[in-house]
file work_34.tsv (TSV, C-alpha atoms)
chain	number	residue	atom	x	y	z
A	1	MET	CA	64.61	67.58	103.54
A	2	PRO	CA	68.08	67.33	105.12
A	3	SER	CA	69.81	70.59	105.92
A	4	SER	CA	73.03	71.26	104.10
A	5	SER	CA	76.14	71.29	106.28
A	6	PRO	CA	78.11	74.53	106.41
A	7	SER	CA	81.13	74.69	104.17
A	8	PRO	CA	84.39	74.25	106.07
A	9	SER	CA	86.45	77.34	106.81
A	10	PRO	CA	89.57	77.66	104.68
A	11	SER	CA	92.80	76.71	106.42
A	12	PRO	CA	94.86	79.67	107.66
A	13	HIS	CA	97.79	80.72	105.51
A	14	ARG	CA	100.86	79.08	107.11
A	15	VAL	CA	103.84	81.35	107.82
A	16	ALA	CA	107.18	79.86	108.85
A	17	VAL	CA	109.63	82.27	110.49
A	18	LEU	CA	113.26	81.11	110.25
A	19	ALA	CA	115.23	81.97	113.39
A	20	LEU	CA	118.97	82.21	112.76
A	21	PRO	CA	121.77	82.59	115.35
A	22	GLY	CA	122.33	86.24	116.27
A	23	LEU	CA	118.77	87.17	115.42
A	24	LEU	CA	117.16	90.41	116.57
A	25	PRO	CA	114.29	89.56	118.95
A	26	PHE	CA	112.27	92.58	117.81
A	27	GLU	CA	112.32	91.47	114.19
A	28	LEU	CA	111.60	87.85	115.10
A	29	GLY	CA	108.40	89.06	116.78
A	30	ILE	CA	107.14	91.20	113.90
A	31	PRO	CA	105.54	88.40	111.83
A	32	HIS	CA	103.86	86.97	114.94
A	33	ARG	CA	102.44	90.34	115.96
A	34	ILE	CA	101.23	91.44	112.51
A	35	PHE	CA	100.12	88.18	110.91
A	36	GLY	CA	98.90	86.84	114.25
A	37	GLY	CA	96.62	89.85	114.67
A	38	ALA	CA	94.85	89.42	111.33
A	39	ARG	CA	91.30	88.08	111.74
A	40	ASP	CA	88.30	87.73	109.45
A	41	SER	CA	84.86	89.21	110.18
A	42	ALA	CA	84.02	86.17	112.33
A	43	GLY	CA	87.17	86.61	114.42
A	44	ARG	CA	89.00	83.62	112.92
A	45	ARG	CA	92.76	83.81	112.51
A	46	LEU	CA	93.81	84.29	108.90
A	47	TYR	CA	97.39	83.11	109.42
A	48	GLU	CA	99.10	80.31	111.31
A	49	ILE	CA	102.63	81.26	112.38
A	50	VAL	CA	105.34	78.79	113.34
A	51	THR	CA	108.94	79.56	114.30
A	52	CYS	CA	111.64	77.18	113.12
A	53	ALA	CA	115.44	76.92	112.97
A	54	THR	CA	118.03	74.86	111.12
A	55	ALA	CA	117.85	72.60	114.17
A	56	ALA	CA	115.30	72.64	116.99
A	57	GLY	CA	116.62	73.97	120.28
A	58	PRO	CA	118.02	77.22	121.70
A	59	VAL	CA	118.95	79.96	119.22
A	60	ARG	CA	121.22	82.85	120.23
A	61	THR	CA	119.94	86.40	119.88
A	62	ASP	CA	121.86	89.68	119.82
A	63	ALA	CA	120.48	90.32	123.33
A	64	ASP	CA	121.42	88.66	126.62
A	65	PHE	CA	119.06	85.73	126.14
A	66	ALA	CA	118.38	82.87	123.74
A	67	VAL	CA	115.05	81.70	122.35
A	68	GLN	CA	113.92	78.09	122.52
A	69	VAL	CA	112.71	77.02	119.07
A	70	GLU	CA	110.56	73.91	119.02
A	71	HIS	CA	110.55	73.27	115.26
A	72	GLY	CA	113.39	72.31	112.95
A	73	PRO	CA	113.75	72.92	109.19
A	74	GLU	CA	110.95	70.47	108.37
A	75	ALA	CA	108.50	73.33	109.09
A	76	LEU	CA	109.76	75.14	105.98
A	77	ALA	CA	108.35	72.38	103.79
A	78	THR	CA	104.80	73.07	105.03
A	79	ALA	CA	104.88	76.86	104.70
A	80	ASP	CA	102.90	79.05	102.32
A	81	THR	CA	105.17	81.98	103.26
A	82	VAL	CA	108.69	81.86	104.70
A	83	VAL	CA	109.99	84.90	106.59
A	84	VAL	CA	113.71	85.40	107.27
A	85	PRO	CA	114.33	88.10	109.93
A	86	ALA	CA	117.70	89.82	110.34
A	87	SER	CA	120.68	88.31	112.12
A	88	TYR	CA	124.00	89.80	113.25
A	89	GLU	CA	125.80	86.45	112.93
A	90	LEU	CA	125.36	85.50	109.29
A	91	GLY	CA	129.03	84.51	108.94
A	92	PRO	CA	129.83	83.31	105.39
A	93	VAL	CA	126.46	84.57	104.17
A	94	TYR	CA	127.44	88.16	104.98
A	95	GLU	CA	131.17	87.84	104.36
A	96	GLU	CA	131.25	85.69	101.21
A	97	GLY	CA	127.67	85.47	99.95
A	98	ARG	CA	127.74	81.74	100.66
A	99	LEU	CA	125.27	79.58	102.58
A	100	PRO	CA	126.63	77.21	105.25
A	101	ASP	CA	125.60	73.60	104.69
A	102	ASP	CA	122.91	73.47	107.38
A	103	LEU	CA	121.21	76.62	106.13
A	104	ALA	CA	121.41	75.50	102.50
A	105	ALA	CA	119.83	72.17	103.44
A	106	ALA	CA	117.07	73.94	105.37
A	107	LEU	CA	116.22	76.29	102.49
A	108	ALA	CA	116.18	73.35	100.07
A	109	ARG	CA	113.08	72.11	101.90
A	110	ILE	CA	111.02	75.11	100.75
A	111	ARG	CA	108.41	74.09	98.21
A	112	PRO	CA	108.37	75.75	94.75
A	113	GLY	CA	105.88	78.61	94.71
A	114	THR	CA	106.29	79.43	98.40
A	115	ARG	CA	106.26	83.18	99.07
A	116	LEU	CA	109.61	84.39	100.42
A	117	VAL	CA	109.99	87.42	102.70
A	118	ALA	CA	113.15	88.95	104.18
A	119	ILE	CA	113.33	91.59	106.90
A	120	CYS	CA	116.40	93.84	106.90
A	121	THR	CA	119.62	91.82	106.49
A	122	GLY	CA	117.58	88.65	106.18
A	123	GLY	CA	117.78	89.55	102.50
A	124	TYR	CA	121.40	88.34	102.52
A	125	VAL	CA	120.10	84.81	103.09
A	126	LEU	CA	117.69	84.96	100.16
A	127	ALA	CA	120.37	86.48	97.95
A	128	ALA	CA	122.98	83.88	98.89
A	129	ALA	CA	120.44	81.17	98.01
A	130	GLY	CA	119.94	82.74	94.56
A	131	PHE	CA	116.33	83.74	95.16
A	132	LEU	CA	117.05	87.41	94.41
A	133	ASP	CA	119.08	86.98	91.22
A	134	GLY	CA	117.80	89.41	88.61
A	135	ARG	CA	115.18	90.80	91.00
A	136	PRO	CA	114.72	94.15	92.72
A	137	ALA	CA	115.33	94.09	96.47
A	138	THR	CA	116.23	96.30	99.41
A	139	THR	CA	117.89	96.03	102.78
A	140	HIS	CA	118.92	98.41	105.58
A	141	TRP	CA	120.37	101.59	104.05
A	142	SER	CA	123.66	101.15	105.93
A	143	SER	CA	124.19	97.71	104.33
A	144	ALA	CA	122.92	98.49	100.83
A	145	GLU	CA	126.30	99.26	99.24
A	146	HIS	CA	127.90	96.11	100.70
A	147	PHE	CA	124.85	94.06	99.71
A	148	GLN	CA	125.12	95.26	96.10
A	149	ARG	CA	128.86	94.50	95.90
A	150	LEU	CA	128.37	91.01	97.33
A	151	PHE	CA	125.38	90.20	95.12
A	152	PRO	CA	125.82	92.05	91.80
A	153	LYS	CA	122.93	90.16	90.18
A	154	VAL	CA	120.45	91.76	92.59
A	155	ARG	CA	118.89	95.11	91.62
A	156	VAL	CA	119.26	96.90	94.98
A	157	ASP	CA	117.02	99.88	95.75
A	158	ALA	CA	118.26	101.52	98.96
A	159	ASP	CA	115.65	104.29	98.91
A	160	VAL	CA	112.48	102.31	99.69
A	161	LEU	CA	111.00	100.80	102.84
A	162	PHE	CA	110.22	97.52	101.09
A	163	VAL	CA	110.12	95.88	97.68
A	164	ASP	CA	107.24	93.67	96.54
A	165	ASP	CA	108.32	91.55	93.60
A	166	GLY	CA	105.36	89.20	93.71
A	167	ASP	CA	106.51	85.97	95.34
A	168	VAL	CA	109.69	87.47	96.80
A	169	LEU	CA	109.58	90.52	99.10
A	170	THR	CA	112.32	92.32	101.02
A	171	SER	CA	112.26	95.15	103.55
A	172	ALA	CA	114.63	97.77	104.88
A	173	GLY	CA	115.72	97.74	108.50
A	174	VAL	CA	113.82	96.90	111.66
A	175	ALA	CA	110.46	98.76	111.67
A	176	ALA	CA	110.25	98.49	107.88
A	177	GLY	CA	109.50	94.84	108.57
A	178	ILE	CA	106.23	96.02	110.11
A	179	ASP	CA	105.48	97.99	106.94
A	180	LEU	CA	106.15	94.94	104.80
A	181	CYS	CA	104.06	92.55	106.90
A	182	LEU	CA	101.15	95.02	106.97
A	183	HIS	CA	101.50	95.34	103.20
A	184	LEU	CA	101.19	91.56	102.87
A	185	VAL	CA	98.08	91.49	105.05
A	186	ARG	CA	96.65	94.29	102.90
A	187	ARG	CA	97.57	92.42	99.72
A	188	ASP	CA	96.10	89.15	100.99
A	189	HIS	CA	92.95	90.43	102.72
A	190	GLY	CA	92.43	94.13	101.92
A	191	THR	CA	92.92	97.44	103.68
A	192	GLY	CA	90.16	96.85	106.22
A	193	VAL	CA	91.92	93.88	107.81
A	194	ALA	CA	95.35	95.52	107.56
A	195	ASN	CA	94.13	98.77	109.10
A	196	GLU	CA	92.56	96.91	112.01
A	197	VAL	CA	95.88	95.15	112.67
A	198	ALA	CA	97.66	98.51	112.49
A	199	ARG	CA	95.22	100.09	114.93
A	200	ARG	CA	95.66	97.28	117.43
A	201	THR	CA	99.43	97.46	117.04
A	202	VAL	CA	99.34	101.28	117.36
A	203	VAL	CA	101.32	101.89	114.18
A	204	PRO	CA	100.39	103.80	111.02
A	205	PRO	CA	98.66	101.55	108.47
A	206	HIS	CA	100.91	102.92	105.74
A	207	ARG	CA	104.13	104.95	105.98
A	208	ASP	CA	105.08	107.27	103.15
A	209	GLY	CA	108.44	107.79	101.57
A	210	GLY	CA	111.55	105.68	101.83
A	211	GLN	CA	114.74	105.20	103.80
A	212	ALA	CA	116.19	108.54	102.71
A	213	GLN	CA	114.16	110.29	105.39
A	214	TYR	CA	115.94	108.27	108.11
A	215	VAL	CA	119.52	108.80	106.96
A	216	ALA	CA	121.37	111.20	109.29
A	217	ARG	CA	121.37	114.80	108.09
A	218	PRO	CA	121.86	118.16	109.87
A	219	LEU	CA	119.06	119.05	112.26
A	220	PRO	CA	116.79	121.90	111.15
A	221	GLN	CA	117.23	125.23	112.83
A	222	ASP	CA	114.86	126.15	115.65
A	223	GLY	CA	111.59	127.52	114.32
A	224	THR	CA	111.85	125.70	110.99
A	225	HIS	CA	108.39	124.69	109.77
A	226	THR	CA	107.50	121.15	108.80
A	227	THR	CA	104.90	120.02	106.27
A	228	THR	CA	102.74	118.19	108.80
A	229	ALA	CA	99.82	120.62	108.69
A	230	ALA	CA	99.74	120.55	104.89
A	231	ARG	CA	99.52	116.77	104.85
A	232	ALA	CA	96.73	116.78	107.42
A	233	TRP	CA	94.85	119.39	105.38
A	234	ALA	CA	95.29	117.35	102.18
A	235	LEU	CA	93.91	114.20	103.81
A	236	ALA	CA	90.80	116.12	104.82
A	237	HIS	CA	90.35	117.50	101.29
A	238	LEU	CA	91.28	114.54	99.09
A	239	HIS	CA	87.93	114.78	97.28
A	240	GLU	CA	88.82	118.29	96.06
A	241	PRO	CA	91.32	119.38	93.39
A	242	ILE	CA	94.61	120.08	95.19
A	243	GLN	CA	97.42	122.05	93.63
A	244	LEU	CA	100.98	122.26	94.88
A	245	ARG	CA	100.48	125.92	95.74
A	246	ASP	CA	97.48	124.97	97.92
A	247	LEU	CA	99.73	122.72	100.01
A	248	ALA	CA	102.47	125.33	100.22
A	249	GLU	CA	99.97	127.94	101.42
A	250	GLN	CA	99.03	125.74	104.39
A	251	GLU	CA	102.59	126.18	105.67
A	252	ALA	CA	103.05	129.77	104.45
A	253	MET	CA	105.97	128.65	102.28
A	254	SER	CA	106.95	129.25	98.70
A	255	VAL	CA	106.26	126.32	96.38
A	256	ARG	CA	109.98	125.75	95.94
A	257	THR	CA	110.74	125.69	99.67
A	258	PHE	CA	107.71	123.52	100.42
A	259	THR	CA	108.61	120.99	97.74
A	260	ARG	CA	112.17	120.68	99.04
A	261	ARG	CA	111.06	120.42	102.68
A	262	PHE	CA	108.34	117.89	101.82
A	263	ARG	CA	110.74	115.59	99.99
A	264	ASP	CA	113.28	115.81	102.84
A	265	GLU	CA	110.62	114.82	105.39
A	266	VAL	CA	108.56	112.28	103.50
A	267	GLY	CA	110.99	110.89	100.93
A	268	VAL	CA	108.77	111.44	97.87
A	269	SER	CA	107.39	114.44	96.01
A	270	PRO	CA	104.08	116.03	97.09
A	271	GLY	CA	102.44	114.76	93.90
A	272	GLN	CA	103.54	111.17	94.47
A	273	TRP	CA	102.38	111.30	98.08
A	274	LEU	CA	98.98	112.72	97.08
A	275	VAL	CA	98.37	109.97	94.52
A	276	ARG	CA	99.23	107.31	97.12
A	277	GLN	CA	96.77	108.78	99.62
A	278	ARG	CA	94.03	108.87	96.98
A	279	VAL	CA	94.69	105.27	96.01
A	280	GLU	CA	94.41	104.25	99.68
A	281	ARG	CA	91.17	106.21	100.04
A	282	ALA	CA	89.76	104.56	96.92
A	283	ARG	CA	90.73	101.09	98.15
A	284	HIS	CA	89.02	101.76	101.47
A	285	LEU	CA	85.82	102.93	99.76
A	286	LEU	CA	85.78	100.00	97.34
A	287	GLU	CA	86.07	97.59	100.25
A	288	SER	CA	83.71	99.19	102.72
A	289	THR	CA	80.94	100.83	100.66
A	290	ASP	CA	78.59	100.07	97.79
A	291	LEU	CA	79.29	103.41	96.11
A	292	PRO	CA	79.48	103.25	92.30
A	293	VAL	CA	83.01	103.33	90.93
A	294	ASP	CA	82.58	106.82	89.47
A	295	ARG	CA	81.49	108.10	92.91
A	296	VAL	CA	84.48	106.38	94.53
A	297	ALA	CA	86.70	108.10	91.97
A	298	ARG	CA	85.23	111.52	92.82
A	299	ASP	CA	85.40	111.00	96.59
A	300	ALA	CA	89.03	109.89	96.37
A	301	GLY	CA	89.92	112.91	94.26
A	302	PHE	CA	90.57	111.17	90.95
A	303	GLY	CA	87.60	112.85	89.26
A	304	THR	CA	86.69	110.11	86.80
A	305	ALA	CA	86.36	106.33	86.87
A	306	GLN	CA	88.94	106.08	84.09
A	307	SER	CA	91.47	108.07	86.12
A	308	LEU	CA	90.84	105.83	89.13
A	309	ARG	CA	91.23	102.73	86.98
A	310	THR	CA	94.55	103.98	85.59
A	311	HIS	CA	96.00	104.84	88.98
A	312	LEU	CA	94.78	101.63	90.66
A	313	MET	CA	96.19	99.50	87.84
A	314	THR	CA	99.53	101.30	88.18
A	315	ALA	CA	99.58	100.95	91.98
A	316	ILE	CA	98.37	97.37	92.49
A	317	GLY	CA	97.71	95.90	89.05
A	318	VAL	CA	93.93	95.39	89.21
A	319	THR	CA	90.83	97.28	88.14
A	320	PRO	CA	88.46	98.86	90.69
A	321	THR	CA	85.79	96.24	89.93
A	322	SER	CA	88.21	93.34	90.39
A	323	TYR	CA	89.56	94.84	93.60
A	324	ARG	CA	86.07	95.25	95.05
A	325	ARG	CA	85.14	91.69	94.06
A	326	THR	CA	88.19	90.36	95.90
A	327	PHE	CA	88.19	92.52	99.02
A	328	ARG	CA	84.61	93.67	99.55
A	329	VAL	CA	83.93	93.65	103.31
A	330	THR	CA	80.75	91.85	104.30
A	331	GLY	CA	79.26	91.47	107.74
A	332	ALA	CA	81.89	93.70	109.31
A	333	ASP	CA	81.52	96.91	111.23
A	334	VAL	CA	83.27	99.35	108.90
A	335	THR	CA	83.27	103.12	108.96
A	336	ASP	CA	84.52	105.62	106.43
A	337	THR	CA	87.00	107.23	108.78
A	338	GLU	CA	90.61	106.28	108.63
A	339	ALA	CA	93.73	107.29	110.54
A	340	VAL	CA	96.64	107.63	108.15
A	341	GLY	CA	99.91	109.45	107.74
A	342	VAL	CA	103.33	109.98	109.26
A	343	ALA	CA	104.65	113.33	110.46
A	344	GLY	CA	108.03	113.03	108.75
A	345	VAL	CA	111.40	112.26	110.31
A	346	ALA	CA	110.15	112.63	113.85
A	347	GLY	CA	107.93	109.59	113.27
A	348	VAL	CA	104.91	111.19	114.93
A	349	VAL	CA	101.71	109.52	113.77
A	350	GLU	CA	98.89	111.86	112.77
A	351	ALA	CA	95.35	110.62	113.34
A	352	VAL	CA	93.37	112.54	110.76
A	353	THR	CA	89.67	112.01	110.24
A	354	ALA	CA	88.83	112.06	106.55
A	355	SER	CA	85.90	114.19	105.60
call {"tool": "encode", "arguments": {"input": "work_34.tsv", "output": "structure tokens"}}
result
Amino acid sequence: MPSSSPSPSPSPHRVAVLALPGLLPFELGIPHRIFGGARDSAGRRLYEIVTCATAAGPVRTDADFAVQVEHGPEALATADTVVVPASYELGPVYEEGRLPDDLAAALARIRPGTRLVAICTGGYVLAAAGFLDGRPATTHWSSAEHFQRLFPKVRVDADVLFVDDGDVLTSAGVAAGIDLCLHLVRRDHGTGVANEVARRTVVPPHRDGGQAQYVARPLPQDGTHTTTAARAWALAHLHEPIQLRDLAEQEAMSVRTFTRRFRDEVGVSPGQWLVRQRVERARHLLESTDLPVDRVARDAGFGTAQSLRTHLMTAIGVTPTSYRRTFRVTGADVTDTEAVGVAGVAGVVEAVTAS
């Protein structure tokens, strides 16, 4: 009896990164570092990344060097996802909201249904092409007001690190591009793969809050407490009921002072932050364990399967069962510990072992 041949591995998701004159080298490298580091349990690359330009050849950067781009705009026609990093030389795109002819011709090659991603002011390019009309989007906080005036049809949210509107995604400035790319890996392949990429890149797998925490404000006085210890304590006690006063007690603050300080540091309320952490814990357990859904709900602090279902549907639009069916890890070495969290405006990453 002839042996059946193994089924072929699926082709990697193809990502085309569009390099524009005046680009920021750091942002150009983000898609390559994040998507390029995503592997399946057998070590196979999950994404193929190609850099292209409106014409092959050298492309100026905002640094003292150029980058040699081997591919022209034809690469956009083969992409499953197109990423547009920021540029400081957008010319009529930034000044008038108008695409120059070569850029318009390049973007016209993108196939319908291709996922579009902009990092920082790369969103100007998508907006000028009409891709953001009627959609929510973000960009660097310092450009948000100008962006909104130039593109009144776009629903600009300057408070978030990134916006996921399905097939079109935009991020705030610079490092928020890392957050967005990790989010896409998580959306495509689950938290296990995304967290492994984050660990290898030495960045937090998920940052809380929005851009408000990075806008300049007066420095706190010496001796002012932060809410770092309270967040670490909460992550270690997610499976327990946690009240606002419990968090405030960890910092020896009044509830009112703690709430104000927490929002200043993290960008969201303590309650919103706690729900996000519990959703992430539940996603991790659904992927990496065979625990029944009601047990996952209890361990993540939601109490009941119905509560977990409601919060997961609100956060990512799927039920716990559907999520597990899509992202269940098999054949991988997975543990139930996870390093998560950000220590506020200082950007210090907390490695907290969940109990």
call {"tool": "closest_atom_pairs", "arguments": {"input": "work_34.tsv", "of": "segment 140-168 of chain A", "to": "segment 310-323 of chain A", "cutoff": "12 Å", "atoms": "all atoms listed in the file", "output": "CSV"}}
result
residue,atom,partner,partner_atom,distance
A:Asp164,CA,A:Ile316,CA,10.4
A:Asp165,CA,A:Ile316,CA,11.6
A:Gly166,CA,A:Ile316,CA,10.8
call {"tool": "write_last_selection", "arguments": {"input": "work_34.tsv", "atoms": "C-alpha atoms", "output": "short mmCIF file (atom, residue, chain, number, x, y, z; two decimals), in the coordinates of the input"}}
result
data_model
loop_
_atom_site.label_atom_id
_atom_site.label_comp_id
_atom_site.auth_asym_id
_atom_site.auth_seq_id
_atom_site.Cartn_x
_atom_site.Cartn_y
_atom_site.Cartn_z
CA ASP A 164 107.24 93.67 96.54
CA ASP A 165 108.32 91.55 93.60
CA GLY A 166 105.36 89.20 93.71
#
call {"tool": "atom_distance", "arguments": {"input": "work_34.tsv", "atom1": "atom CA of Asp299 of chain A", "atom2": "atom CA of Arg278 of chain A"}}
result
8.9 Å
call {"tool": "residues_around", "arguments": {"input": "work_34.tsv", "residues": "Arg44 of chain A", "least_positions_apart": "3", "cutoff": "12 Å", "atoms": "only C-alpha atoms", "output": "PyMOL selection string"}}
result
chain A and resi 9-13+36-41+47-48+193
call {"tool": "residues_around", "arguments": {"input": "work_34.tsv", "residues": "segment 133-137 of chain A", "least_positions_apart": "2", "cutoff": "10 Å", "atoms": "all atoms listed in the file", "output": "ChimeraX atom specification"}}
result
/A:118,123,126-131,139,144,148,151-158,160,162-165,168-172
call {"tool": "closest_residue", "arguments": {"input": "work_34.tsv", "among": "A:Leu308, A:Leu132, A:Ala79, A:Val69", "to": "Gly57 of chain A", "atoms": "all atoms listed in the file"}}
result
A:Val69
